[in-house]
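Note sheet for the following structure.
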Amino acid sequence: MNVSKLTEAKRPSVRQLGATRHHAGLLAFAALIMVVTAILLQAGPLRLAMVFASGLLGVASAVAQMASLRLRAAQVRAVTMVHHLFDTASDVCMVSTTEGQIVYANDAATQSGMGSKESLTEALSDQLLDADSKVRDMIAACVLDGSCEEEVSLRDSMMRLSVKRVETGVLVWAIQKSSPQAEAQHSGGAPRLPMLTVGRSGTVLFMNPAARHLLGERKKTVTDVFGENVTDLRSATTVYTADGEQQCLVAEFDASAGRREIYLLPTEVPVLRDGAVQFDELPVALLKVSPEGDVLLANRAARHLINMSFHSNTVIGDLMEGLGRSIVDWLMEAAQGKSVNQSEFLRLKREDKEVIVQVSLNRVVEGGESSLIAVLSDATELKSLEAQFVQSQKMQAIGQLAGGVAHDFNNLLTAISGHCDLLLLRHDQGDADYADLIQINQNANRAAALVGQLLAFSRKQNLRPEVLDLRNTLADLTHLLNRLVGERVTLTLNNDPVLPAIRADKRQLEQVLMNLVVNARDAMPDGGEIRVTTEAVELSEPLERDRVVVPVGHYVSVTVADQGIGIAQDKLQKVFEPFFTTKKTGEGTGLGLSTAYGIVKQTGGYIFVDSTPGVGTTFTLMFPAHGAGAEQVQQPEVGSRPDLPEVEHSGVVLLVEDEAPVRSFATRALKMRGFTVLEAASGEEALEVLDMNHPQIDVFVSDVIMPGMDGPSWVRQAREDYPNVPVIFVSGYAEDSFSDDQARIENSSFLPKPFSLSDLTEAVQARISSS
């Protein structure tokens, strides 16, 4: 079909078009005259309607004929344009209606046999199995968008169909067929780089011949090309072809209208830089760096580990930090061979998480120029374990130091408060010095409470455990806690209805809860809610968290959660250290959480902290559940200071104390109550006193920790001659620190320092009376 035949058979002339328009106008005018005449000359309504309908029919016929002529004129214009532009083109070009009827075909279409068909469906039926649906879909898309393009895989070639609307109801088609072999010959035998065009939804819109040759088949989506597990195409290393998997380097670039162009480079294809493909595929993170710090190359593993954008001017200082000295100096030393193979630990400047890398530098020479190969290893877990170990050792060292300091302070406080008690016995309230003595006594008690916190952290304080129901303990404590939190903070208490009992020191547990609630209140300056929740927990497998492992068993969990400002991650591991505080100067001692930590650990429990800045902090306490049939342990409150009546006692006391001020106070206090006191400054001296054949000794009072022979050691030796003499051990440490030794010594008791005059005399009299 050519343009000459079309113009002879179907193309109207300009005069014909004008005459047609003139005749249509006359018909419309005649119809109008007929209607008016019918109205004027007769009154029959039926005839009037018939005439009116005849007029409208004439008008409609004229309009339809004019529309058809306009369409024919548009087709003629399109055919004329295509004829002048594409009649001798090598590609098939045709003009069709929106129904798919061919009205023009160029010489290439006629020679291929397509141009002799009446419709596009018939023309393409020999090439495509679904020619009818393909033509209808493309016509619909073209009518909607103005153009449409599709690429169809054939048995040994590719067919590219494109259609564009040039006039209303007139479509111009272009059909191209190509093969990879023909393209290779056209480009001088060197195939182009495989390229795919991908839409927003991941649909493959176009594949060039090189891509079709590489993949061996038409791919519909990027998942068909790279697999389902690849989310970032730039990190992909494998494509799926018709013959199996093929390793490729992948580059991705943004195109127009949200499309992306993806280029594939098979690993067997030579690259611009020698060895670049092998370097990129190595499973070890590698950087090629100049001595000045410029990053020359980064393989795929390094890019994945660093997770930052690389540019032509990227330097290694932009990627990592924390060396402690100039990175450039370190690189220059390695380039000069001074510090080669010496590893350093640095922190990557990633924004998503903290990553520590171990970097080893190796010097290489290429073309007479020196460069460095940096080997990167992820050492985040290693450094985390190291930090945890250091933290554990530091906490242990601080605990030992705190226990030792507390022991010495308790000796000093015993002497201070004891001699103050002696002075108070000689002064009444009307004395001018009485108020000063009371101040000394009160501040000594405050110092003793501070030492008690140190001992709690070091887990060497004296606990008096008893079986507790936490629901009752919290109920008794709620009134005090509500007063502590104030009006702007709401305290909510949620108890597990079935909660096992625990064994703990009630007074110390209350101190822990008060410390946690007060900290939660201080973290919410604008108010909020503090939730205290108890829950029964059963662990069927060990719970590994932070630096501890919670064994399998039944536990009682207590959580204290706030809605405060939270704690930064770098400070979270330090919150249990003594004297560490995030509060302003003067607002906190830094001993609240360290005290809670020590009390919980000494009780046999666990304490954990979770915090998110800006969201809040949650402290979780876990205590081992106590047996249902356990009996509550009742112990006397040793250390209280009741006023003893002025009663004279009798008995012989062997007092062994290495601290002279404490020994002096204790001796005077006992003698004032009528006891006979034999003094010794050490265990060895105590045995010498016993060797002097004293006829009767009623009680031993001995310090535990002394230079040379300690308290339990000399008492065991003395019991060979004095088997029935009761013993009172006194110490600034906790009773648990020597409980095993004390358990092997019968008829013994414990009196913690600091003790008052009444504490000492009451304990001595009680032991003498019981014997």
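Please note that chains go A, B, ... in the order of the structure tokens, that every chain numbers its residues from 1, and that ligands are numbered from 1 in the order shown.
Excluding A:Gly605 itself and any same-chain residue fewer than 3 positions from it, the protein and nucleic acid residues within 12 Å of it, counting only C-alpha atoms, are Ile502, Arg503, Ala504, Leu509, Val548, Val549, Val550, Pro551, His554, Tyr555, Val556, Ser557, Val558, Ala596, Tyr597, Gly598, Ile599, Val600, Lys601, Gln602, Phe608, Thr620, Leu621, Met622, Phe623, Pro624, Ala625 and His626 of chain A.
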Would you return as a ChimeraX atom specification the members of stretch 334-525 of chain A that DSSP assigns to alpha helix (DSSP H) on this structure's backbone? /A:334-335,380-425,434-457,470-485,506-522
Please identify every residue of stretch 213-310 of chain A that has at least one atom no farther than 12 Å from an atom of stretch 199-202 of chain A, counting only C-alpha atoms, and for each give the shortest atom pair and the distance in Å to one decimal, arranged by chain then increasing number, as CSV.
residue,atom,partner,partner_atom,distance
A:Lys219,CA,A:Gly202,CA,11.0
A:Lys220,CA,A:Gly202,CA,8.7
A:Thr221,CA,A:Gly202,CA,5.6
A:Val222,CA,A:Gly202,CA,5.7
A:Thr223,CA,A:Gly202,CA,7.9
A:Asp224,CA,A:Gly202,CA,10.1
A:Val225,CA,A:Gly202,CA,10.6
A:Phe226,CA,A:Gly202,CA,11.3
A:Glu228,CA,A:Gly202,CA,11.8
A:Thr231,CA,A:Gly202,CA,11.2
A:Leu233,CA,A:Gly202,CA,11.1
A:Asp254,CA,A:Gly199,CA,10.4
A:Ala255,CA,A:Gly199,CA,9.5
A:Ser256,CA,A:Gly199,CA,9.9
A:Ala257,CA,A:Gly199,CA,8.5
A:Gly258,CA,A:Arg200,CA,5.7
A:Arg259,CA,A:Gly199,CA,4.6
A:Arg260,CA,A:Gly199,CA,6.5
A:Glu261,CA,A:Gly199,CA,9.1
A:Ile262,CA,A:Gly199,CA,11.0
Check stretch 213-384 of chain A with DSSP on the backbone and list each residue it calls strand (DSSP E), as a ChimeraX atom specification. /A:238-241,244-254,260-266,285-289,295-298,320-321,344-348,356-366,369-378
Would you pick out the contacts of stretch 471-481 of chain A at 12 Å or less, using only C-alpha atoms, so that residues sharing its chain but fewer than 5 positions from it are not included, and give the list as a PyMOL selection string? chain A and resi 466+486-487+489-502+504-521+530-536+556-558
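Atom CA of A:Met207 to atom CA of A:Gly227 spans 17.3 Å [interatomic distance, one decimal].
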What is the atom CA of A:Cys248-atom CA of A:Asn307 distance in Å, reported with one decimal? 20.6 Å
